[in-house]
$ cat my_file_30.txt   # compact mmCIF, C-alpha atoms
# COMPACT_ATOMS: atom_id res chain seq x y z
CA MET A 1 -22.43 0.37 -15.14
CA ALA A 2 -23.73 -3.19 -15.15
CA TYR A 3 -22.03 -5.85 -13.09
CA LYS A 4 -21.85 -9.59 -12.71
CA TYR A 5 -21.20 -11.32 -9.38
CA CYS A 6 -19.21 -14.46 -8.69
CA THR A 7 -17.13 -16.23 -6.10
CA ALA A 8 -13.59 -17.32 -6.91
CA THR A 9 -10.46 -18.12 -4.95
CA ASN A 10 -7.45 -15.89 -5.58
CA TRP A 11 -4.58 -18.23 -6.45
CA GLY A 12 -1.99 -15.45 -6.56
CA LYS A 13 0.14 -14.28 -9.50
CA ASN A 14 -1.94 -13.74 -12.67
CA PHE A 15 -5.26 -14.27 -10.92
CA PHE A 16 -5.86 -10.82 -12.35
CA THR A 17 -3.35 -8.96 -14.49
CA HIS A 18 -2.61 -5.31 -15.16
CA GLU A 19 -4.14 -5.69 -18.62
CA GLU A 20 -7.32 -7.20 -17.23
CA ARG A 21 -7.63 -4.44 -14.64
CA LYS A 22 -7.65 -1.91 -17.46
CA ASN A 23 -10.26 -3.78 -19.48
CA PHE A 24 -13.03 -4.21 -16.95
CA TYR A 25 -14.19 -3.28 -13.46
CA LEU A 26 -13.07 -5.77 -10.80
CA ARG A 27 -13.59 -5.48 -7.06
CA GLY A 28 -13.05 -8.14 -4.40
CA HIS A 29 -15.23 -8.44 -1.31
CA ALA A 30 -15.49 -10.56 1.79
CA GLY A 31 -16.30 -14.23 1.24
CA GLU A 32 -14.30 -14.39 -2.00
CA VAL A 33 -17.03 -12.43 -3.76
CA TRP A 34 -15.96 -10.57 -6.89
CA VAL A 35 -17.94 -7.85 -8.62
CA VAL A 36 -17.07 -7.91 -12.30
CA GLY A 37 -17.79 -5.42 -15.06
CA ASP A 38 -20.39 -6.82 -17.43
CA ASN A 39 -18.47 -6.93 -20.69
CA HIS A 40 -16.75 -9.64 -22.69
CA HIS A 41 -13.44 -9.04 -20.91
CA GLY A 42 -15.18 -9.59 -17.56
CA ASP A 43 -16.86 -12.72 -18.89
CA GLU A 44 -13.49 -14.06 -20.05
CA TRP A 45 -12.01 -13.40 -16.62
CA ILE A 46 -14.84 -15.20 -14.82
CA GLY A 47 -14.18 -18.18 -17.09
CA LYS A 48 -10.44 -18.00 -16.48
CA VAL A 49 -10.82 -18.11 -12.70
CA SER A 50 -13.68 -20.65 -12.79
CA GLY A 51 -15.90 -18.16 -11.01
CA ALA A 52 -19.22 -19.41 -9.61
CA ILE A 53 -21.88 -16.96 -10.80
CA LYS A 54 -24.11 -15.49 -8.09
CA SER A 55 -27.09 -13.17 -8.21
CA LYS A 56 -26.55 -9.76 -6.62
CA ASP A 57 -28.70 -10.80 -3.64
CA GLU A 58 -26.71 -13.99 -3.18
CA ALA A 59 -23.43 -12.10 -3.36
CA GLN A 60 -24.69 -9.45 -0.93
CA ALA A 61 -25.78 -12.13 1.54
CA ILE A 62 -22.30 -13.66 1.50
CA VAL A 63 -20.61 -10.31 2.04
CA THR A 64 -23.01 -9.24 4.79
CA GLY A 65 -22.60 -12.56 6.57
CA GLU A 66 -18.83 -12.21 6.51
CA ILE A 67 -18.98 -8.67 7.85
CA GLU A 68 -21.40 -9.66 10.60
CA ALA A 69 -18.97 -12.39 11.60
CA ALA A 70 -16.16 -9.85 11.62
CA GLN A 71 -18.26 -7.49 13.73
CA ALA A 72 -18.97 -10.26 16.21
CA ALA A 73 -15.27 -11.09 16.39
CA TYR A 74 -14.51 -7.40 16.93
CA ASP A 75 -17.08 -7.10 19.70
CA ALA A 76 -15.53 -10.09 21.46
CA LEU A 77 -12.14 -8.37 21.64
CA SER A 78 -10.95 -6.62 24.78
CA ALA A 79 -11.00 -2.83 24.82
CA GLU A 80 -7.24 -2.78 24.25
CA GLU A 81 -7.52 -5.20 21.35
CA GLN A 82 -10.26 -3.07 19.79
CA VAL A 83 -7.97 -0.06 19.93
CA GLU A 84 -5.26 -2.14 18.32
CA ARG A 85 -7.66 -3.30 15.64
CA GLY A 86 -9.00 0.18 14.93
CA PRO A 87 -12.57 1.10 13.99
CA ARG A 88 -15.30 -1.59 13.98
CA PRO A 89 -16.04 -3.24 10.61
CA VAL A 90 -19.10 -1.74 8.90
CA LYS A 91 -21.66 -3.23 6.54
CA TYR A 92 -22.12 -1.83 3.08
CA ASN A 93 -24.04 -2.54 -0.11
CA LEU A 94 -22.51 -4.01 -3.23
CA PRO A 95 -22.78 -1.85 -6.35
CA MET B 1 0.09 25.64 -46.35
CA ALA B 2 2.24 25.71 -43.23
CA THR B 3 4.64 22.83 -42.74
CA TYR B 4 5.82 21.26 -39.48
CA LYS B 5 9.38 22.26 -40.32
CA GLY B 6 8.22 25.77 -41.04
CA ILE B 7 6.58 26.01 -37.61
CA GLN B 8 9.04 24.04 -35.47
CA GLY B 9 12.25 24.54 -37.44
CA PHE B 10 12.91 20.83 -37.94
CA LYS B 11 11.36 17.83 -39.65
CA ILE B 12 9.48 15.06 -37.91
CA GLN B 13 11.73 12.05 -37.38
CA SER B 14 10.57 8.87 -39.10
CA VAL B 15 11.34 5.63 -37.26
CA ASP B 16 10.41 2.04 -38.05
CA GLY B 17 8.98 1.30 -34.59
CA ASP B 18 8.32 2.83 -31.19
CA PRO B 19 11.64 3.63 -29.43
CA ASP B 20 12.50 1.73 -26.25
CA ASN B 21 13.39 4.75 -24.14
CA PRO B 22 11.63 7.81 -25.53
CA ASN B 23 11.57 11.22 -23.89
CA VAL B 24 8.34 12.80 -22.76
CA GLY B 25 7.37 15.31 -25.45
CA ASP B 26 8.90 13.39 -28.35
CA PHE B 27 6.83 13.50 -31.55
CA TYR B 28 7.65 11.13 -34.43
CA TYR B 29 6.28 9.15 -37.35
CA ASN B 30 6.15 5.39 -36.89
CA SER B 31 6.65 4.23 -40.48
CA LYS B 32 5.88 0.60 -39.66
CA ALA B 33 2.48 1.51 -38.18
CA GLY B 34 1.92 4.42 -40.53
CA GLN B 35 1.01 6.64 -37.59
CA PHE B 36 2.20 9.80 -35.92
CA LYS B 37 3.04 9.26 -32.25
CA VAL B 38 3.59 11.50 -29.27
CA VAL B 39 5.16 10.58 -25.92
CA ARG B 40 3.17 11.71 -22.89
CA ASP B 41 3.79 11.64 -19.14
CA GLY B 42 3.17 8.32 -17.40
CA GLY B 43 3.28 7.59 -13.69
CA ALA B 44 0.43 7.00 -11.29
CA PRO B 45 -2.44 8.14 -13.55
CA ILE B 46 -1.81 5.19 -15.87
CA GLY B 47 -0.88 2.64 -13.19
CA SER B 48 -2.81 -0.43 -12.15
CA TRP B 49 -2.78 -3.23 -9.59
CA ALA B 50 -2.35 -6.90 -10.51
CA SER B 51 -2.33 -9.98 -8.31
CA GLY B 52 1.06 -11.20 -7.16
CA GLY B 53 2.39 -14.37 -5.57
CA THR B 54 0.73 -15.53 -2.36
CA LYS B 55 2.77 -14.98 0.80
CA ASN B 56 3.70 -18.21 2.59
CA THR B 57 2.87 -17.06 6.12
CA ILE B 58 -0.52 -15.40 6.31
CA MET B 59 -0.55 -12.48 8.74
CA ASN B 60 -1.95 -9.04 9.46
CA ASP B 61 -0.29 -6.10 11.19
CA GLY B 62 3.12 -7.06 9.84
CA ALA B 63 5.52 -4.66 8.12
CA GLY B 64 7.36 -4.39 4.85
CA ALA B 65 10.25 -2.82 2.99
CA GLY B 66 11.70 -2.79 -0.50
CA SER B 67 9.74 -2.61 -3.76
CA ASN B 68 7.33 -4.65 -5.86
CA THR B 69 10.15 -6.57 -7.53
CA ALA B 70 12.48 -6.77 -4.52
CA GLY B 71 10.23 -6.78 -1.49
CA LEU B 72 10.53 -7.80 2.14
CA ALA B 73 7.77 -8.62 4.65
CA PHE B 74 8.21 -9.54 8.29
CA GLY B 75 6.39 -10.20 11.54
CA GLY B 76 2.68 -9.75 12.14
CA ALA B 77 -0.22 -11.40 13.88
CA ALA B 78 -0.65 -15.03 12.86
CA PRO B 79 -3.09 -16.56 15.35
CA PRO B 80 -2.75 -18.03 17.83
CA GLY B 81 0.22 -15.70 18.30
CA THR B 82 2.61 -13.34 16.61
CA THR B 83 5.20 -14.38 14.07
CA ALA B 84 8.89 -13.66 13.44
CA ASP B 85 8.51 -14.88 9.85
CA THR B 86 10.48 -12.98 7.20
CA GLU B 87 10.01 -13.43 3.48
CA THR B 88 11.47 -11.85 0.35
CA TYR B 89 9.54 -11.18 -2.87
CA ASN B 90 11.06 -11.22 -6.35
CA GLY B 91 8.11 -9.91 -8.31
CA THR B 92 6.61 -13.35 -8.71
CA SER B 93 6.88 -15.41 -5.54
CA TRP B 94 7.72 -15.22 -1.84
CA THR B 95 10.68 -17.07 -0.26
CA GLU B 96 11.19 -17.79 3.43
CA VAL B 97 14.42 -16.33 4.80
CA ASN B 98 15.86 -15.86 8.30
CA ASN B 99 13.34 -14.77 10.91
CA LEU B 100 13.30 -11.74 13.20
CA ASN B 101 15.00 -12.35 16.54
CA ALA B 102 11.75 -11.47 18.31
CA ALA B 103 8.26 -12.18 16.98
CA ARG B 104 6.12 -9.07 17.01
CA ARG B 105 3.14 -7.34 15.43
CA SER B 106 2.04 -3.77 14.74
CA MET B 107 5.57 -2.54 14.22
CA SER B 108 6.93 -0.31 11.48
CA GLY B 109 9.22 -1.19 8.60
CA THR B 110 11.41 0.83 6.27
CA GLY B 111 14.31 0.40 3.90
CA SER B 112 15.06 -2.00 1.08
CA GLN B 113 15.08 -5.74 0.54
CA THR B 114 18.77 -5.80 1.45
CA ALA B 115 18.88 -3.14 4.18
CA ALA B 116 15.80 -2.64 6.33
CA LEU B 117 14.66 -1.74 9.84
CA CYS B 118 11.96 -3.39 11.95
CA ILE B 119 10.93 -0.76 14.50
CA ALA B 120 9.01 -1.11 17.78
CA GLY B 121 5.56 -2.77 17.90
CA GLY B 122 4.25 -5.42 20.25
CA GLU B 123 1.01 -5.68 22.15
CA ALA B 124 -0.38 -3.44 24.89
CA PRO B 125 0.54 -3.13 27.69
CA ASN B 126 3.97 -4.36 26.69
CA PHE B 127 5.00 -2.34 23.69
CA THR B 128 8.64 -2.62 22.72
CA ALA B 129 11.32 -0.07 21.90
CA ALA B 130 13.42 -2.76 20.22
CA VAL B 131 14.72 -2.25 16.70
CA GLU B 132 16.22 -4.86 14.41
CA LYS B 133 18.30 -4.28 11.28
CA TRP B 134 18.18 -6.55 8.21
CA ASN B 135 21.34 -6.84 6.10
CA GLY B 136 19.90 -8.95 3.30
CA THR B 137 20.60 -12.18 5.13
CA SER B 138 19.77 -11.88 8.82
CA TRP B 139 18.36 -9.58 11.51
CA THR B 140 20.53 -7.97 14.20
CA GLU B 141 19.31 -6.08 17.25
CA VAL B 142 20.41 -2.45 17.17
CA GLY B 143 19.77 0.60 19.37
CA ASP B 144 16.35 0.89 21.01
CA LEU B 145 13.99 3.81 20.54
CA ASN B 146 13.83 6.18 23.52
CA LEU B 147 10.11 5.50 23.71
CA ALA B 148 8.53 2.03 23.46
CA ARG B 149 5.55 2.23 21.13
CA GLY B 150 3.10 0.02 19.29
CA TYR B 151 -0.12 0.07 17.26
CA ALA B 152 1.84 0.54 14.06
CA PRO B 153 3.86 3.74 14.35
CA GLY B 154 5.04 5.28 11.09
CA SER B 155 8.55 5.27 9.73
CA SER B 156 10.65 6.32 6.76
CA GLY B 157 14.23 6.25 5.53
CA THR B 158 17.07 3.77 5.52
CA THR B 159 19.19 1.76 7.94
CA THR B 160 21.54 4.71 8.30
CA ALA B 161 19.06 7.61 8.43
CA ALA B 162 15.49 6.90 9.50
CA LEU B 163 12.52 8.46 11.23
CA CYS B 164 9.91 6.90 13.53
CA PHE B 165 6.73 8.74 14.50
CA GLY B 166 3.34 8.27 16.11
CA GLY B 167 1.84 5.04 17.41
CA ALA B 168 0.70 4.48 20.98
CA CYS B 169 2.55 4.10 24.28
CA ASP B 170 1.84 2.10 27.43
CA THR B 171 1.86 5.33 29.45
CA PRO B 172 -0.47 7.08 30.06
CA SER B 173 -2.60 4.54 28.17
CA PRO B 174 -2.53 2.58 24.92
CA ASN B 175 -5.76 4.45 24.13
CA VAL B 176 -3.77 7.68 23.91
CA MET B 177 -1.77 8.04 20.71
CA THR B 178 1.59 9.75 20.65
CA ALA B 179 2.98 12.51 18.46
CA LEU B 180 6.57 11.80 19.44
CA THR B 181 9.10 11.56 16.63
CA GLU B 182 12.58 10.07 16.79
CA SER B 183 15.44 10.24 14.32
CA TRP B 184 17.94 7.39 13.67
CA ASN B 185 21.50 8.08 12.55
CA GLY B 186 22.56 4.49 12.07
CA ALA B 187 23.63 4.07 15.69
CA SER B 188 21.10 5.70 18.02
CA TRP B 189 17.69 7.41 18.21
CA THR B 190 17.22 11.08 19.11
CA GLU B 191 13.92 12.78 19.94
CA VAL B 192 13.01 15.52 17.47
CA ASN B 193 9.95 17.70 16.86
CA ASP B 194 6.52 16.09 17.33
CA LEU B 195 3.77 15.43 14.82
CA ASN B 196 0.98 18.01 14.89
CA THR B 197 -1.62 15.24 15.19
CA ALA B 198 -0.89 12.26 17.43
CA ARG B 199 -2.06 9.07 15.68
CA LYS B 200 -1.34 5.48 14.84
CA ASN B 201 -1.47 3.24 11.80
CA GLY B 202 -1.11 5.89 9.12
CA ALA B 203 1.10 5.63 6.03
CA GLY B 204 4.69 6.82 6.38
CA ALA B 205 6.84 7.24 3.29
CA GLY B 206 10.00 8.94 2.11
CA VAL B 207 13.44 9.45 3.60
CA GLN B 208 14.63 10.99 6.85
CA PRO B 209 14.80 14.59 5.59
CA SER B 210 11.70 14.29 3.37
CA THR B 211 8.89 12.26 4.89
CA LEU B 212 5.10 12.10 4.55
CA TYR B 213 2.68 10.71 7.13
CA ALA B 214 -0.94 10.37 5.94
CA GLY B 215 -4.12 9.06 7.54
CA GLY B 216 -4.30 7.00 10.72
CA TRP B 217 -6.50 6.99 13.79
CA SER B 218 -6.32 9.13 16.92
CA ALA B 219 -8.78 7.81 19.54
CA PRO B 220 -11.48 5.23 20.22
CA GLY B 221 -14.87 6.40 19.04
CA THR B 222 -13.48 8.69 16.35
CA ALA B 223 -13.34 8.35 12.59
CA ALA B 224 -10.23 7.44 10.67
CA LEU B 225 -8.17 10.49 9.76
CA ASP B 226 -7.46 12.19 6.45
CA VAL B 227 -4.64 14.23 8.01
CA ASN B 228 -1.44 14.58 6.01
CA GLU B 229 1.82 15.95 7.42
CA LEU B 230 5.17 16.57 5.79
CA TRP B 231 8.58 16.38 7.53
CA ASN B 232 11.33 18.60 6.13
CA GLY B 233 14.19 17.29 8.25
CA THR B 234 13.34 19.55 11.16
CA SER B 235 9.59 19.78 11.74
CA TRP B 236 6.18 18.55 10.61
CA THR B 237 3.80 20.76 8.60
CA GLU B 238 0.16 19.99 7.84
CA SER B 239 -0.55 19.74 4.14
CA SER B 240 -3.43 18.82 1.83
CA GLU B 241 -5.65 16.09 3.23
CA LEU B 242 -6.29 12.68 1.74
CA ASN B 243 -9.47 12.41 -0.32
CA THR B 244 -10.45 9.39 1.78
CA GLY B 245 -9.59 9.30 5.49
CA ARG B 246 -8.46 5.86 6.62
CA ASN B 247 -6.60 3.76 9.14
CA GLY B 248 -4.32 0.79 8.42
CA LEU B 249 -3.33 2.00 4.96
CA GLY B 250 -0.02 1.52 3.16
CA GLY B 251 2.28 4.08 1.64
CA THR B 252 5.42 4.09 -0.44
CA GLY B 253 7.66 6.79 -1.82
CA ASP B 254 11.26 7.89 -2.11
CA THR B 255 10.56 11.48 -1.00
CA ASN B 256 7.59 13.40 0.40
CA THR B 257 6.82 14.82 -3.03
CA SER B 258 6.05 11.54 -4.76
CA VAL B 259 4.01 9.01 -2.78
CA LEU B 260 1.37 6.36 -3.37
CA VAL B 261 -1.04 5.35 -0.58
CA PHE B 262 -3.54 2.51 -0.75
CA GLY B 263 -6.08 0.50 1.21
CA GLY B 264 -7.10 1.04 4.82
CA SER B 265 -10.40 1.12 6.72
CA PRO B 266 -13.21 1.46 7.80
CA PRO B 267 -14.80 0.13 5.81
CA GLU B 268 -11.93 -1.71 4.18
CA THR B 269 -11.14 0.25 1.07
CA ASN B 270 -9.34 -0.38 -2.18
CA LYS B 271 -8.84 3.31 -2.87
CA THR B 272 -5.41 4.36 -4.09
CA GLU B 273 -4.20 7.95 -4.10
CA SER B 274 -1.11 9.55 -5.59
CA TRP B 275 0.64 12.54 -3.99
CA ASN B 276 2.72 14.97 -6.08
CA GLY B 277 3.95 17.19 -3.26
CA THR B 278 0.90 19.44 -3.44
CA SER B 279 -2.29 17.45 -3.84
CA TRP B 280 -3.78 13.95 -3.83
CA THR B 281 -5.23 12.36 -6.95
CA GLU B 282 -7.34 9.24 -6.97
CA VAL B 283 -5.89 6.63 -9.28
CA ALA B 284 -6.73 3.00 -10.11
CA ASP B 285 -8.02 1.02 -7.13
CA LEU B 286 -6.71 -2.16 -5.58
CA ALA B 287 -8.87 -5.08 -6.71
CA ALA B 288 -9.51 -6.17 -3.13
CA PRO B 289 -10.19 -3.82 -0.20
CA SER B 290 -7.37 -4.32 2.30
CA GLU B 291 -6.03 -3.08 5.63
CA ASP B 292 -3.20 -3.78 8.06
CA PHE B 293 -0.95 -5.30 5.40
CA ALA B 294 2.78 -5.14 4.71
CA SER B 295 3.64 -2.35 2.30
CA SER B 296 6.66 -1.69 0.14
CA ALA B 297 8.75 1.28 1.24
CA THR B 298 10.38 2.29 -2.02
CA GLY B 299 9.15 2.67 -5.57
CA GLY B 300 6.46 5.25 -4.92
CA PRO B 301 3.86 5.94 -7.58
CA THR B 302 5.45 3.67 -10.19
CA ALA B 303 6.13 0.45 -8.25
CA ALA B 304 4.35 -0.58 -5.06
CA LEU B 305 3.46 -3.76 -3.21
CA ARG B 306 0.60 -4.65 -0.85
CA ALA B 307 1.22 -7.99 0.85
CA SER B 308 -0.89 -10.22 3.11
CA GLY B 309 -2.98 -8.44 5.81
CA ASN B 310 -6.75 -8.26 6.10
CA VAL B 311 -8.05 -8.58 2.56
CA SER B 312 -11.75 -8.46 1.73
CA GLY B 313 -12.56 -9.00 5.38
CA ALA B 314 -10.30 -11.93 6.18
CA ARG B 315 -6.63 -12.51 6.99
CA SER B 316 -4.98 -13.42 3.71
CA GLY B 317 -1.68 -14.09 1.99
CA ALA B 318 -2.83 -12.33 -1.17
CA THR B 319 -0.50 -9.80 -2.76
CA GLU B 320 -1.15 -7.00 -5.21
CA SER B 321 1.55 -5.27 -7.21
CA TRP B 322 1.26 -1.72 -8.61
CA THR B 323 3.05 -0.84 -11.81
CA ALA B 324 2.95 2.43 -13.72
CA ALA B 325 5.10 3.15 -16.74
CA THR B 326 7.00 6.42 -16.59
CA TYR B 327 5.68 7.39 -20.05
CA GLN B 328 2.93 6.48 -22.50
CA ILE B 329 3.00 6.55 -26.28
CA LYS B 330 -0.17 7.95 -27.82
CA THR B 331 -1.23 7.80 -31.46
CA VAL B 332 -2.04 11.18 -32.94
CA THR B 333 -5.53 11.26 -34.47
CA THR B 334 -7.45 13.93 -36.30
CA SER B 335 -10.49 13.91 -34.00
$ encode --input "my_file_30.txt" --output "structure tokens"
Amino acid sequence: MAYKYCTATNWGKNFFTHEERKNFYLRGHAGEVWVVGDNHHGDEWIGKVSGAIKSKDEAQAIVTGEIEAAQAAYDALSAEEQVERGPRPVKYNLP
Amino acid sequence: MATYKGIQGFKIQSVDGDPDNPNVGDFYYNSKAGQFKVVRDGGAPIGSWASGGTKNTIMNDGAGAGSNTAGLAFGGAAPPGTTADTETYNGTSWTEVNNLNAARRSMSGTGSQTAALCIAGGEAPNFTAAVEKWNGTSWTEVGDLNLARGYAPGSSGTTTAALCFGGACDTPSPNVMTALTESWNGASWTEVNDLNTARKNGAGAGVQPSTLYAGGWSAPGTAALDVNELWNGTSWTESSELNTGRNGLGGTGDTNTSVLVFGGSPPETNKTESWNGTSWTEVADLAAPSEDFASSATGGPTAALRASGNVSGARSGATESWTAATYQIKTVTTS
């Protein structure tokens, strides 16, 4: 499956609808990065939310940076707070 | 040539549009569309998540109750401290209502928008046994648990018959999870049979005599759990495991035979699974990976709510609402 990448701020109700979720792939990531199925429905959604198009590398850099920041915040927690928080955040690759 | 009447003993009904409340298995001719139609099962396999209204107070590790059209969210961590904030959800937007008497995080919530419990929680080494009851307007302190516990224990049921299980205790250490289970009769808590696997921050769903507790986390340095246990009113039994083990997930269901679980970590996931009493099925994902959010308690696989929490790596007020029709109308084709 081909994807497009963008950043967009979720404004709440109707940012994405049930109908849209059935028409194209949509996955949110750290840093307000959205991975969007590359079809005309996805293109329409990017236009609707005024998404700023990113390359995959640009999107990955945003996500990785956010996770690294979260890891640093996790590492700064006390042992008790880390137990409260649960497992440490982990990096991953965008599809 | 065989006819439908000859095979089935009756003619196909002709209607001028799709009926509003068809029965699963119905077969008819839609004369307006010029098509044969059949009514199939709906539920979780055809459900999806959509964005909902943004919660006013952004928090993580809060709790929830109610459904996706009549929801309730309360408490949580809202740096620099914890919050007593309580909000109701009407399917579109969140409204501030009367706060908890005591701000707290990592508690458990169960019940409806008009009758809910806020159970235990707090921060180590000062977990609380306190329980508050919501009557639709305000919170009242009611009987304490026998055992103070935090780190998001699980719960199920109503304000008159509830269950609280798991979490962590101050003694011997907050690093040691508990398997202790307590039952609420509307006035007081009684210790009952323990979980098989001590853990925190799993998804509890159902009612007092029919509860499910899935996922969670048992100890530092270990992976999130895929464990699933069922409560029959007397004891816990291990059942089929989640497809994806996780901590900090949400769950909703009216019994332990019909449950939807979603989100969790690590890494933060958007995976959603539906439980039919026997096995888990992966269904449509959340749009945004999420953990430690407030979850609806009722509605199960046809109506769920995921509110605020850690969303895509950051504390957020974002909400997603799950809807699945109970049936689907399919057009009969020749292929």
$ interface_residues --input "my_file_30.txt" --of "chain B" --to "chain A" --cutoff "6 Å" --atoms "all atoms listed in the file" --output "VMD selection string"
chain B and resid 48 to 54 151 267 287 to 288 312 to 313
$ closest_residue --input "my_file_30.txt" --among "B:Ala187, B:Asp85, B:Asn243, B:Thr114" --to "Val131 (chain B)" --atoms "only C-alpha atoms"
B:Ala187
$ closest_residue --input "my_file_30.txt" --among "B:Val261, B:Ile46, B:Cys164, B:Cys169" --to "Tyr327 (chain B)" --atoms "all atoms listed in the file"
B:Ile46
$ closest_residue --input "my_file_30.txt" --among "A:Ala2, A:Ala8, A:Glu68, A:Ala73" --to "Ala52 (chain A)" --atoms "all atoms listed in the file"
A:Ala8
$ residues_around --input "my_file_30.txt" --residues "Leu100 (chain B)" --least-positions-apart "6" --cutoff "7 Å" --atoms "only C-alpha atoms" --output "PyMOL selection string"
chain B and resi 84-86+139
$ atom_distance --input "my_file_30.txt" --atom1 "CA of Gly42 (chain A)" --atom2 "CA of Ser321 (chain B)"
20.1 Å
$ atom_distance --input "my_file_30.txt" --atom1 "CA of Thr197 (chain B)" --atom2 "CA of Leu286 (chain B)"
27.6 Å
$ closest_residue --input "my_file_30.txt" --among "B:Lys5, B:Arg246, B:Arg104, B:Arg40" --to "Gln328 (chain B)" --atoms "all atoms listed in the file"
B:Arg40
$ residues_near_point --input "my_file_30.txt" --point "(3.5, -0.6, -6.0)" --cutoff "10 Å" --atoms "all atoms listed in the file" --output "PyMOL selection string"
chain B and resi 44+47-50+67-69+251-253+260-262+295-306+320-324
$ residues_near_point --input "my_file_30.txt" --point "(-0.7, 14.8, 16.9)" --cutoff "12 Å" --atoms "only C-alpha atoms" --output "JSON, numbers by chain"
{"B": [165, 166, 167, 168, 176, 177, 178, 179, 180, 181, 193, 194, 195, 196, 197, 198, 199, 200, 202, 213, 214, 215, 216, 217, 218, 219, 225, 227, 228, 229, 236, 237, 238]}
$ atom_distance --input "my_file_30.txt" --atom1 "CA of Ser155 (chain B)" --atom2 "CA of Ala203 (chain B)"
8.3 Å
$ build_atoms --input "my_file_30.txt" --residues "region 46-62 of chain A" --atoms "N, CA and C atoms" --output "mmCIF file, keeping the file's coordinate frame"
data_model
loop_
_atom_site.group_PDB
_atom_site.id
_atom_site.type_symbol
_atom_site.label_atom_id
_atom_site.label_comp_id
_atom_site.auth_asym_id
_atom_site.auth_seq_id
_atom_site.Cartn_x
_atom_site.Cartn_y
_atom_site.Cartn_z
ATOM 1 N N ILE A 46 -14.061 -14.263 -15.651
ATOM 2 C CA ILE A 46 -14.840 -15.200 -14.820
ATOM 3 C C ILE A 46 -14.577 -16.635 -15.271
ATOM 4 N N GLY A 47 -14.493 -16.836 -16.595
ATOM 5 C CA GLY A 47 -14.180 -18.180 -17.090
ATOM 6 C C GLY A 47 -12.776 -18.605 -16.709
ATOM 7 N N LYS A 48 -11.831 -17.674 -16.797
ATOM 8 C CA LYS A 48 -10.440 -18.000 -16.480
ATOM 9 C C LYS A 48 -10.280 -18.457 -15.038
ATOM 10 N N VAL A 49 -10.988 -17.805 -14.124
ATOM 11 C CA VAL A 49 -10.820 -18.110 -12.700
ATOM 12 C C VAL A 49 -11.849 -19.119 -12.203
ATOM 13 N N SER A 50 -12.621 -19.682 -13.152
ATOM 14 C CA SER A 50 -13.680 -20.650 -12.790
ATOM 15 C C SER A 50 -14.616 -20.064 -11.742
ATOM 16 N N GLY A 51 -15.007 -18.826 -11.956
ATOM 17 C CA GLY A 51 -15.900 -18.160 -11.010
ATOM 18 C C GLY A 51 -17.282 -18.785 -10.986
ATOM 19 N N ALA A 52 -17.856 -18.894 -9.777
ATOM 20 C CA ALA A 52 -19.220 -19.410 -9.610
ATOM 21 C C ALA A 52 -20.176 -18.219 -9.611
ATOM 22 N N ILE A 53 -20.979 -18.103 -10.645
ATOM 23 C CA ILE A 53 -21.880 -16.960 -10.800
ATOM 24 C C ILE A 53 -22.902 -16.916 -9.665
ATOM 25 N N LYS A 54 -23.115 -15.722 -9.136
ATOM 26 C CA LYS A 54 -24.110 -15.490 -8.090
ATOM 27 C C LYS A 54 -25.025 -14.348 -8.538
ATOM 28 N N SER A 55 -26.244 -14.350 -8.008
ATOM 29 C CA SER A 55 -27.090 -13.170 -8.210
ATOM 30 C C SER A 55 -26.567 -12.074 -7.281
ATOM 31 N N LYS A 56 -26.990 -10.848 -7.500
ATOM 32 C CA LYS A 56 -26.550 -9.760 -6.620
ATOM 33 C C LYS A 56 -26.980 -10.031 -5.182
ATOM 34 N N ASP A 57 -28.212 -10.520 -5.007
ATOM 35 C CA ASP A 57 -28.700 -10.800 -3.640
ATOM 36 C C ASP A 57 -27.867 -11.892 -2.978
ATOM 37 N N GLU A 58 -27.539 -12.905 -3.737
ATOM 38 C CA GLU A 58 -26.710 -13.990 -3.180
ATOM 39 C C GLU A 58 -25.327 -13.461 -2.779
ATOM 40 N N ALA A 59 -24.763 -12.664 -3.649
ATOM 41 C CA ALA A 59 -23.430 -12.100 -3.360
ATOM 42 C C ALA A 59 -23.499 -11.196 -2.133
ATOM 43 N N GLN A 60 -24.548 -10.354 -2.070
ATOM 44 C CA GLN A 60 -24.690 -9.450 -0.930
ATOM 45 C C GLN A 60 -24.836 -10.233 0.367
ATOM 46 N N ALA A 61 -25.581 -11.322 0.330
ATOM 47 C CA ALA A 61 -25.780 -12.130 1.540
ATOM 48 C C ALA A 61 -24.460 -12.713 2.029
ATOM 49 N N ILE A 62 -23.615 -13.126 1.106
ATOM 50 C CA ILE A 62 -22.300 -13.660 1.500
ATOM 51 C C ILE A 62 -21.466 -12.577 2.159
#
